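This is start.cif. It holds mmCIF, C-alpha atoms.
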```cif
data_structure
#
loop_
_atom_site.label_atom_id
_atom_site.label_comp_id
_atom_site.auth_asym_id
_atom_site.auth_seq_id
_atom_site.Cartn_x
_atom_site.Cartn_y
_atom_site.Cartn_z
CA MET A 19 17.12 -0.71 -4.05
CA PRO A 20 17.57 3.12 -3.96
CA GLN A 21 18.67 2.81 -7.58
CA THR A 22 15.53 0.81 -8.43
CA ALA A 23 13.18 3.35 -6.84
CA GLU A 24 15.00 6.30 -8.36
CA ARG A 25 15.21 4.71 -11.80
CA LEU A 26 11.54 3.82 -11.74
CA ARG A 27 10.55 7.32 -10.67
CA GLN A 28 12.63 8.95 -13.39
CA ALA A 29 11.39 6.56 -16.06
CA LEU A 30 7.73 6.98 -15.11
CA ALA A 31 8.05 10.77 -14.93
CA ALA A 32 9.50 10.94 -18.44
CA LEU A 33 6.87 8.74 -20.10
CA PRO A 34 4.87 10.52 -22.83
CA LEU A 35 1.19 10.83 -21.99
CA SER A 36 -1.83 11.78 -24.07
CA VAL A 37 -5.11 12.36 -22.21
CA GLU A 38 -8.22 12.95 -24.30
CA ASP A 39 -10.96 12.33 -21.76
CA ALA A 40 -11.66 11.20 -18.20
CA SER A 41 -14.51 9.21 -16.71
CA CYS A 42 -15.26 7.48 -13.44
CA GLU A 43 -17.49 4.85 -11.94
CA GLY A 44 -18.51 4.51 -8.32
CA ALA A 45 -19.77 1.52 -6.39
CA GLU A 46 -20.11 -0.06 -2.96
CA VAL A 47 -18.28 -3.34 -2.52
CA ALA A 48 -18.81 -5.94 0.19
CA VAL A 49 -15.40 -6.68 1.71
CA PRO A 50 -14.69 -9.22 4.49
CA GLY A 51 -13.90 -7.36 7.71
CA TYR A 52 -15.13 -3.99 6.44
CA PRO A 53 -18.19 -2.54 8.23
CA GLY A 54 -20.94 -2.08 5.65
CA GLY A 55 -20.20 -1.57 1.97
CA ARG A 56 -16.82 -0.16 0.99
CA PRO A 57 -17.33 2.93 -1.20
CA THR A 58 -14.99 3.00 -4.17
CA THR A 59 -14.48 5.05 -7.29
CA VAL A 60 -12.36 4.05 -10.28
CA VAL A 61 -11.19 6.94 -12.42
CA THR A 62 -10.29 6.16 -16.03
CA LEU A 63 -8.15 8.33 -18.27
CA HIS A 64 -8.63 7.80 -22.01
CA GLY A 65 -6.14 8.58 -24.74
CA GLY A 66 -5.37 7.18 -28.18
CA ASP A 67 -6.56 3.60 -28.18
CA GLY A 68 -5.77 3.09 -24.51
CA HIS A 69 -7.08 3.73 -21.04
CA GLY A 70 -5.58 3.85 -17.58
CA THR A 71 -7.25 3.40 -14.21
CA GLY A 72 -6.72 4.59 -10.65
CA GLU A 73 -8.69 3.92 -7.49
CA LEU A 74 -9.97 6.47 -4.98
CA VAL A 75 -9.85 5.03 -1.46
CA ALA A 76 -11.63 7.82 0.44
CA PHE A 77 -13.78 6.42 3.23
CA ALA A 78 -16.80 8.75 3.04
CA ALA A 79 -19.37 8.50 0.25
CA ALA A 80 -19.49 12.30 0.08
CA GLU A 81 -15.78 12.43 -0.77
CA HIS A 82 -16.36 10.04 -3.65
CA ALA A 83 -19.24 12.15 -4.92
CA THR A 84 -17.11 15.31 -4.81
CA PHE A 85 -14.31 13.55 -6.69
CA ARG A 86 -16.66 12.33 -9.40
CA GLU A 87 -18.61 15.56 -9.78
CA THR A 88 -16.04 18.35 -9.30
CA ILE A 89 -12.52 16.93 -9.76
CA VAL A 90 -12.64 14.36 -12.54
CA PRO A 91 -14.42 16.75 -14.98
CA ARG A 92 -11.49 19.17 -14.58
CA VAL A 93 -8.73 16.64 -15.23
CA PRO A 94 -6.21 18.22 -17.63
CA ARG A 95 -6.33 17.01 -21.21
CA GLY A 96 -3.64 17.12 -23.87
CA ARG A 97 -0.19 15.77 -24.64
CA GLY A 98 2.83 15.96 -22.38
CA ARG A 99 4.71 13.82 -19.89
CA VAL A 100 3.52 11.99 -16.80
CA ASP A 101 5.33 14.38 -14.47
CA ALA A 102 3.55 17.36 -16.02
CA PHE A 103 0.18 15.67 -15.55
CA VAL A 104 1.05 14.84 -11.93
CA ALA A 105 1.97 18.47 -11.26
CA ALA A 106 -1.32 19.61 -12.77
CA ALA A 107 -3.25 17.06 -10.69
CA ARG A 108 -1.57 18.33 -7.53
CA ALA A 109 -2.71 21.84 -8.42
CA LEU A 110 -6.21 20.54 -9.03
CA THR A 111 -6.74 19.07 -5.55
CA ALA A 112 -5.00 19.04 -2.19
CA GLY A 113 -6.48 15.66 -1.27
CA ALA A 114 -3.89 12.90 -1.05
CA TYR A 115 -6.35 10.16 -1.97
CA GLU A 116 -7.60 12.09 -4.98
CA ARG A 117 -4.10 12.91 -6.22
CA ALA A 118 -3.03 9.29 -5.80
CA ALA A 119 -5.96 8.02 -7.87
CA LEU A 120 -5.27 10.45 -10.70
CA GLU A 121 -1.52 9.76 -10.62
CA ALA A 122 -2.06 5.99 -10.78
CA ALA A 123 -4.43 6.38 -13.73
CA ALA A 124 -1.90 8.54 -15.56
CA ILE A 125 0.91 6.04 -14.95
CA ASP A 126 -1.29 3.17 -16.12
CA LEU A 127 -2.33 5.01 -19.29
CA ALA A 128 1.22 6.11 -20.11
CA LEU A 129 2.55 2.57 -19.67
CA ARG A 130 -0.18 1.22 -21.92
CA GLN A 131 0.46 3.87 -24.56
CA ALA A 132 4.16 2.97 -24.45
CA ARG A 133 3.30 -0.75 -24.56
CA THR A 134 5.41 -1.46 -21.49
CA SER A 135 5.30 -2.18 -17.75
CA CYS A 136 7.03 -0.91 -14.61
CA ALA A 137 9.28 -3.96 -14.58
CA ARG A 138 10.38 -3.48 -18.17
CA LEU A 139 11.05 0.21 -17.58
CA VAL A 140 13.73 -0.65 -15.02
CA GLU A 141 14.71 -3.97 -16.67
CA LEU A 142 13.95 -6.03 -13.57
CA GLU A 143 12.17 -9.31 -13.06
CA PRO A 144 9.45 -8.82 -10.43
CA ARG A 145 9.86 -11.27 -7.57
CA PRO A 146 7.05 -13.25 -5.88
CA VAL A 147 5.58 -11.08 -3.13
CA ARG A 148 5.39 -12.10 0.50
CA TYR A 149 2.23 -10.81 2.14
CA VAL A 150 0.30 -11.01 5.39
CA VAL A 151 -3.36 -11.48 6.23
CA SER A 152 -4.49 -8.53 8.32
CA PHE A 153 -7.03 -8.66 11.14
CA GLY A 154 -8.66 -5.93 13.21
CA PRO A 155 -9.20 -5.98 17.00
CA LEU A 156 -9.57 -9.52 18.37
CA LEU A 157 -9.74 -10.44 22.02
CA ASP A 158 -9.05 -14.05 20.99
CA PRO A 159 -6.88 -13.91 17.85
CA MET A 160 -6.09 -17.62 17.61
CA PRO A 161 -9.10 -18.72 15.49
CA SER A 162 -8.22 -16.06 12.92
CA VAL A 163 -4.54 -17.01 12.95
CA ALA A 164 -5.51 -20.64 12.46
CA GLY A 165 -7.88 -19.64 9.66
CA ALA A 166 -5.02 -17.99 7.78
CA GLY A 167 -3.46 -21.40 7.29
CA GLU A 168 0.25 -21.23 6.52
CA LEU A 169 0.20 -17.50 5.85
CA GLU A 170 1.61 -14.93 8.22
CA VAL A 171 -0.67 -12.42 9.91
CA LYS A 172 -0.77 -8.81 10.97
CA LEU A 173 -2.74 -8.27 14.17
CA ASP A 174 -4.06 -5.20 15.93
CA ALA A 175 -2.21 -5.43 19.25
CA ASP A 176 -4.36 -5.79 22.37
CA PRO A 177 -2.95 -5.20 25.87
CA ARG A 178 -5.64 -7.54 27.24
CA TRP A 179 -3.99 -10.60 25.71
CA ASP A 180 -2.94 -12.85 28.57
CA ALA A 181 0.16 -15.01 28.87
CA GLN A 182 -1.66 -18.05 27.45
CA THR A 183 -2.77 -16.13 24.35
CA LEU A 184 0.68 -14.72 23.80
CA ALA A 185 2.24 -18.16 24.18
CA ALA A 186 -0.18 -19.57 21.60
CA LEU A 187 0.61 -16.73 19.18
CA ALA A 188 4.34 -17.33 19.64
CA ALA A 189 3.93 -21.06 19.10
CA SER A 190 2.06 -20.44 15.84
CA GLY A 191 5.10 -18.70 14.36
CA ARG A 192 2.72 -16.70 12.16
CA VAL A 193 2.68 -13.20 13.68
CA ALA A 194 4.67 -10.89 11.40
CA VAL A 195 3.35 -7.50 12.56
CA LEU A 196 1.69 -6.11 15.68
CA ASP A 197 -0.15 -2.89 14.90
CA TRP A 198 -0.71 -0.57 17.88
CA LYS A 199 -2.47 2.11 15.80
CA GLY A 200 -0.88 4.85 17.87
CA GLY A 201 -1.96 3.39 21.21
CA GLY A 202 -0.74 1.36 24.17
CA GLU A 203 1.57 2.08 27.08
CA ARG A 204 5.27 1.35 27.17
CA HIS A 205 4.84 -1.69 29.43
CA ASP A 206 2.21 -3.04 27.00
CA HIS A 207 4.53 -2.57 24.05
CA GLU A 208 7.41 -4.25 25.82
CA ARG A 209 5.33 -7.16 27.19
CA LEU A 210 3.99 -8.11 23.77
CA HIS A 211 7.39 -7.56 22.20
CA ASP A 212 8.99 -9.89 24.76
CA ALA A 213 6.45 -12.57 23.88
CA LEU A 214 6.74 -12.02 20.09
CA PRO A 215 10.26 -10.65 19.57
CA ASP A 216 10.35 -11.32 15.82
CA ALA A 217 7.14 -9.41 15.10
CA LEU A 218 7.45 -5.88 13.79
CA VAL A 219 5.96 -3.24 16.10
CA GLU A 220 3.88 -0.81 14.07
CA ASP A 221 2.83 2.63 15.36
CA PRO A 222 3.10 2.26 19.14
CA ALA A 223 2.08 5.44 20.98
CA PRO A 224 4.90 7.95 20.36
CA ALA A 225 4.60 9.35 23.89
CA ALA A 226 5.57 5.94 25.28
CA ALA A 227 9.15 6.23 23.98
CA PRO A 228 11.93 5.47 24.74
CA TRP A 229 11.63 1.74 24.21
CA SER A 230 14.16 -1.03 24.67
CA PRO A 231 16.84 -1.39 21.99
CA THR A 232 15.34 -4.67 20.75
CA LEU A 233 11.89 -3.10 20.33
CA ARG A 234 13.35 -0.07 18.56
CA ALA A 235 14.97 -2.43 16.07
CA GLN A 236 11.47 -3.74 15.23
CA LEU A 237 9.78 -0.34 15.12
CA VAL A 238 7.62 0.48 12.09
CA ALA A 239 6.21 3.87 11.07
CA ASP A 240 2.88 3.75 9.23
CA ALA A 241 0.17 6.33 9.96
CA PRO A 242 2.55 9.32 10.29
CA VAL A 243 4.14 8.60 6.90
CA THR A 244 2.43 11.04 4.55
CA THR A 245 5.61 12.27 2.82
CA ALA A 246 9.08 10.94 2.10
CA ALA A 247 10.52 13.11 4.88
CA ALA A 248 7.95 11.83 7.38
CA ALA A 249 9.39 8.33 6.97
CA ASP A 250 12.42 9.27 9.10
CA GLY A 251 12.96 7.80 12.56
CA ALA A 252 11.81 4.18 12.33
CA ALA A 253 13.73 1.03 11.46
CA THR A 254 11.06 0.02 8.94
CA VAL A 255 8.47 2.03 7.02
CA ASN A 256 5.04 0.98 5.76
CA LEU A 257 4.51 2.77 2.46
CA LYS A 258 0.99 3.57 1.24
CA PRO A 259 0.61 5.43 -2.06
CA ALA A 260 -2.93 6.59 -1.25
CA ARG A 261 -1.93 8.09 2.08
CA MET A 262 1.18 9.68 0.57
CA GLY A 263 -0.60 11.24 -2.38
CA GLY A 264 0.74 8.98 -5.08
CA VAL A 265 3.41 6.69 -6.44
CA PHE A 266 6.06 9.37 -6.93
CA GLU A 267 6.13 10.30 -3.23
CA VAL A 268 6.31 6.60 -2.36
CA LEU A 269 9.27 6.09 -4.69
CA ASP A 270 11.03 9.08 -3.14
CA ALA A 271 10.47 7.58 0.31
CA ALA A 272 11.62 4.11 -0.78
CA ALA A 273 14.84 5.52 -2.22
CA ARG A 274 15.47 7.59 0.90
CA CYS A 275 14.90 4.60 3.20
CA ALA A 276 17.22 2.41 1.14
CA ARG A 277 20.00 4.99 1.29
CA GLU A 278 19.63 5.10 5.08
CA GLY A 279 19.51 1.33 5.52
CA ARG A 280 15.84 1.14 6.54
CA ALA A 281 13.47 -1.52 5.27
CA VAL A 282 10.12 -0.85 3.63
CA TYR A 283 6.98 -2.78 2.84
CA PHE A 284 3.67 -1.83 1.27
CA GLY A 285 0.30 -1.44 2.90
CA GLY A 286 -3.18 -0.97 1.56
CA MET A 287 -6.08 1.25 2.48
CA TRP A 288 -8.96 -1.09 1.67
CA GLU A 289 -8.36 -1.00 -2.08
CA VAL A 290 -10.93 -3.18 -3.81
CA GLY A 291 -10.08 -2.54 -7.47
CA PRO A 292 -7.02 -1.64 -9.58
CA GLY A 293 -5.27 -0.04 -6.62
CA ARG A 294 -4.73 -3.42 -5.00
CA GLN A 295 -3.08 -4.87 -8.12
CA GLN A 296 -0.92 -1.77 -8.52
CA LEU A 297 0.35 -2.16 -4.96
CA ARG A 298 1.55 -5.64 -5.84
CA VAL A 299 3.54 -4.35 -8.77
CA LEU A 300 5.38 -1.91 -6.50
CA ALA A 301 5.94 -4.57 -3.85
CA ALA A 302 7.27 -7.05 -6.42
CA LEU A 303 9.94 -4.56 -7.49
CA LEU A 304 10.77 -2.80 -4.22
CA ALA A 305 9.83 -4.98 -1.24
CA PRO A 306 9.10 -8.57 -2.31
CA ASP A 307 10.26 -10.06 1.00
CA GLY A 308 8.56 -7.58 3.33
CA PRO A 309 5.35 -8.36 5.25
CA ASN A 310 3.27 -6.54 2.66
CA ASP A 311 -0.26 -5.83 3.86
CA ILE A 312 -1.81 -6.35 0.44
CA ALA A 313 -3.51 -9.74 0.70
CA PRO A 314 -5.88 -10.68 -2.11
CA LEU A 315 -9.56 -10.27 -1.33
CA VAL A 316 -11.19 -13.68 -1.05
CA HIS A 317 -14.68 -14.81 -0.15
CA GLY A 318 -14.08 -18.32 1.08
CA GLY A 319 -11.36 -18.99 -1.49
CA VAL A 320 -7.75 -20.04 -1.09
CA ARG A 321 -4.98 -17.46 -1.05
CA PRO A 322 -1.72 -18.25 -2.87
CA PRO A 323 1.49 -18.54 -0.81
CA ARG A 324 2.99 -15.58 -2.68
CA LEU A 325 1.67 -13.07 -5.21
CA ARG A 326 3.15 -13.06 -8.69
CA VAL A 327 3.35 -10.25 -11.21
CA ASP A 328 3.81 -10.84 -14.92
CA PRO A 329 6.40 -8.38 -16.29
CA ALA A 330 5.14 -8.88 -19.84
CA THR A 331 1.67 -7.49 -19.14
CA ILE A 332 1.54 -3.85 -20.18
CA GLY A 333 0.21 -1.20 -17.84
CA PHE A 334 0.46 -0.64 -14.11
CA ALA A 335 -1.47 -3.69 -12.88
CA GLY A 336 1.10 -6.01 -14.43
CA GLY A 337 -1.15 -9.06 -14.73
CA SER A 338 -0.85 -9.61 -10.99
CA SER A 339 -2.40 -12.75 -9.55
CA ALA A 340 -5.46 -13.16 -7.34
#
```
Represent the structure from my file as structure tokens, please.
Amino acid sequence: MPQTAERLRQALAALPLSVEDASCEGAEVAVPGYPGGRPTTVVTLHGGDGHGTGELVAFAAAEHATFRETIVPRVPRGRGRVDAFVAAARALTAGAYERAALEAAAIDLALRQARTSCARLVELEPRPVRYVVSFGPLLDPMPSVAGAGELEVKLDADPRWDAQTLAALAASGRVAVLDWKGGGERHDHERLHDALPDALVEDPAPAAAPWSPTLRAQLVADAPVTTAAAADGAATVNLKPARMGGVFEVLDAAARCAREGRAVYFGGMWEVGPGRQQLRVLAALLAPDGPNDIAPLVHGGVRPPRLRVDPATIGFAGGSSA
């Protein structure tokens, strides 16, 4: 897998890119589990007879307005390579979310102009993607776990869960990840880990270390991972292009983790547009069997058992399902 990540990074960086114009469109989207409307902006780069899109995942409406009004109008135009555009975008803004949106749009446009896909660039068949259904804080998580059907779940860990709740969660066999979001005490971490030993333990409070050897083997780094170097120290790493400022930094981190024998999976940041499909492309090539937190958005519909990506579809989204 380090070879896959490195090859994909090199191939994407070297793609020719022609940008003639840039536009964007903002909206608020109703998303299950999200308080209020989710603000979103899709930036589109135009060039030749093609276009490429990226999604800004900033949480504040004011950040979206600034992106649309002051950053997108200054997007560099002209001919070059993707890596040159990415360098220019990094000089344009220090915001990780903004850089990630512009980088994704550039990659999408370059792939479309080259009439290819990420999978074809590295001559790999994307594999069906395992994913989890993620839930926020729940004092009684069992109805939500049952509602996920046969799919695995990622739960915000709650120290208030009693022995009966933990036994029910263990019996379900569906808990793939417990997310502490930087909180909890050591005894809380260990108690839930004892009850759910196969679940990954994401972002327990760092001050609670050291943990037992079995918990350390399940330890996942998520929120602190903003660069490839920041991924050090955990057995598994949750990679998020938006948080890390773009695909290139994610590919650097994936290659580094693979060289060091650490697993990775992909997580989202409430993407509601092209960003969600682009995450699936990366997961299909780099972490198809991880508990990827990139479930399709559904409003009462049925989720597929795995997500599939069509390698023949040009561009970054890859014709991904659902």
Enumerate, as a compact mmCIF listing (two decimals) with C-alpha atoms, in the coordinates of the input, the residues matched when the PyMOL selection byres ((chain A and resi 164) around 12) is run on the file above.
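Output file result26.txt is given in full below:
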```
# COMPACT_ATOMS: atom_id res chain seq x y z
CA VAL A 151 -3.36 -11.48 6.23
CA ASP A 158 -9.05 -14.05 20.99
CA PRO A 159 -6.88 -13.91 17.85
CA MET A 160 -6.09 -17.62 17.61
CA PRO A 161 -9.10 -18.72 15.49
CA SER A 162 -8.22 -16.06 12.92
CA VAL A 163 -4.54 -17.01 12.95
CA GLY A 165 -7.88 -19.64 9.66
CA ALA A 166 -5.02 -17.99 7.78
CA GLY A 167 -3.46 -21.40 7.29
CA GLU A 168 0.25 -21.23 6.52
CA LEU A 169 0.20 -17.50 5.85
CA GLU A 170 1.61 -14.93 8.22
CA VAL A 171 -0.67 -12.42 9.91
CA ALA A 186 -0.18 -19.57 21.60
CA LEU A 187 0.61 -16.73 19.18
CA ALA A 189 3.93 -21.06 19.10
CA SER A 190 2.06 -20.44 15.84
CA GLY A 191 5.10 -18.70 14.36
CA ARG A 192 2.72 -16.70 12.16
CA VAL A 193 2.68 -13.20 13.68
```
- Message: Going by the chain IDs and residue numbers used in this file, which residues fall under the PyMOL selection byres ((chain A and resi 180) around 12)? Write them as a list in words.
- Response: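 So the PyMOL selection byres ((chain A and resi 180) around 12), applied here, picks out Leu157, Asp158, Pro159, Ala175, Asp176, Pro177, Arg178, Trp179, Ala181, Gln182, Thr183, Leu184, Ala185, Ala186, Leu187, Asp206, Arg209, Leu210 and Ala213 of chain A.
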Show me a table, sorted first by chain and then by increasing residue number, of the residues of region 96-150 of chain A having an atom at most 12 Å from region 234-252 of chain A, each with its shortest atom pair and the distance in Å to one decimal, counting all atoms listed in the file and written as CSV.
```
residue,atom,partner,partner_atom,distance
A:Gly113,CA,A:Thr244,CA,11.6
A:Ala114,CA,A:Thr244,CA,8.6
A:Tyr115,CA,A:Thr244,CA,11.0
A:Ala118,CA,A:Thr244,CA,11.8
```
- Task: Tell me, in Å to one decimal, how far CA of Tyr52 (chain A) is from CA of Tyr149 (chain A).
- Result: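 Between CA of Tyr52 (chain A) and CA of Tyr149 (chain A) the gap is 19.1 Å.
Excluding Val219 (chain A) itself and same-chain residues fewer than 3 positions from it, the residues having an atom within 8 Å of it are Val195, Leu196, Asp197, Trp198, His211, Pro222, Leu233, Gln236, Leu237 and Val238 of chain A, counting only C-alpha atoms.
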- Item | CA of Arg280 (chain A) to CA of Ala302 (chain A), straight-line distance in Å |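 CA of Arg280 (chain A) lies 17.6 Å from CA of Ala302 (chain A).
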- Applied to the shown file, which residues does the PyMOL selection byres ((chain A and resi 103-110) around 10) return, written as an NGL selection string? :A and (31 or 35-37 or 89-90 or 92-102 or 111-114 or 116-122 or 124-125 or 263-264 or 266)
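Separating CA of Ala276 (chain A) from CA of Gly202 (chain A) is a distance of 29.2 Å.
Distances here use only C-alpha atoms; by that measure, the residue among A:Thr88, A:Asn256, A:Thr22, A:Thr59 closest to Arg138 (chain A) is A:Thr22.
Between Pro292 (chain A) and the candidates A:Pro34, A:Gly55, A:Gly72, A:Gly66, the tightest atom-to-atom separation, counting all atoms listed in the file, involves A:Gly72.
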- Message: I'd like to know which of A:Ile312, A:Ala271, A:Leu139, A:Ala330 is closest to Lys172 (chain A), using all atoms listed in the file.
- Response: A:Ile312
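Each of A:Gly200, A:Gly333, A:Pro309, A:Pro91 was compared to Leu218 (chain A) using only C-alpha atoms, and A:Pro309 turns out to be the nearest.
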Hey, what's within 8 Å of Leu303 (chain A) if we count all atoms listed in the file and toss same-chain stuff fewer than 5 positions away? As a CSV table (one decimal) with C-alpha atoms, in the frame of the given file, please?
```
chain,number,residue,atom,x,y,z
A,22,THR,CA,15.5,0.8,-8.4
A,137,ALA,CA,9.3,-4.0,-14.6
A,142,LEU,CA,14.0,-6.0,-13.6
A,143,GLU,CA,12.2,-9.3,-13.1
A,144,PRO,CA,9.4,-8.8,-10.4
A,145,ARG,CA,9.9,-11.3,-7.6
```
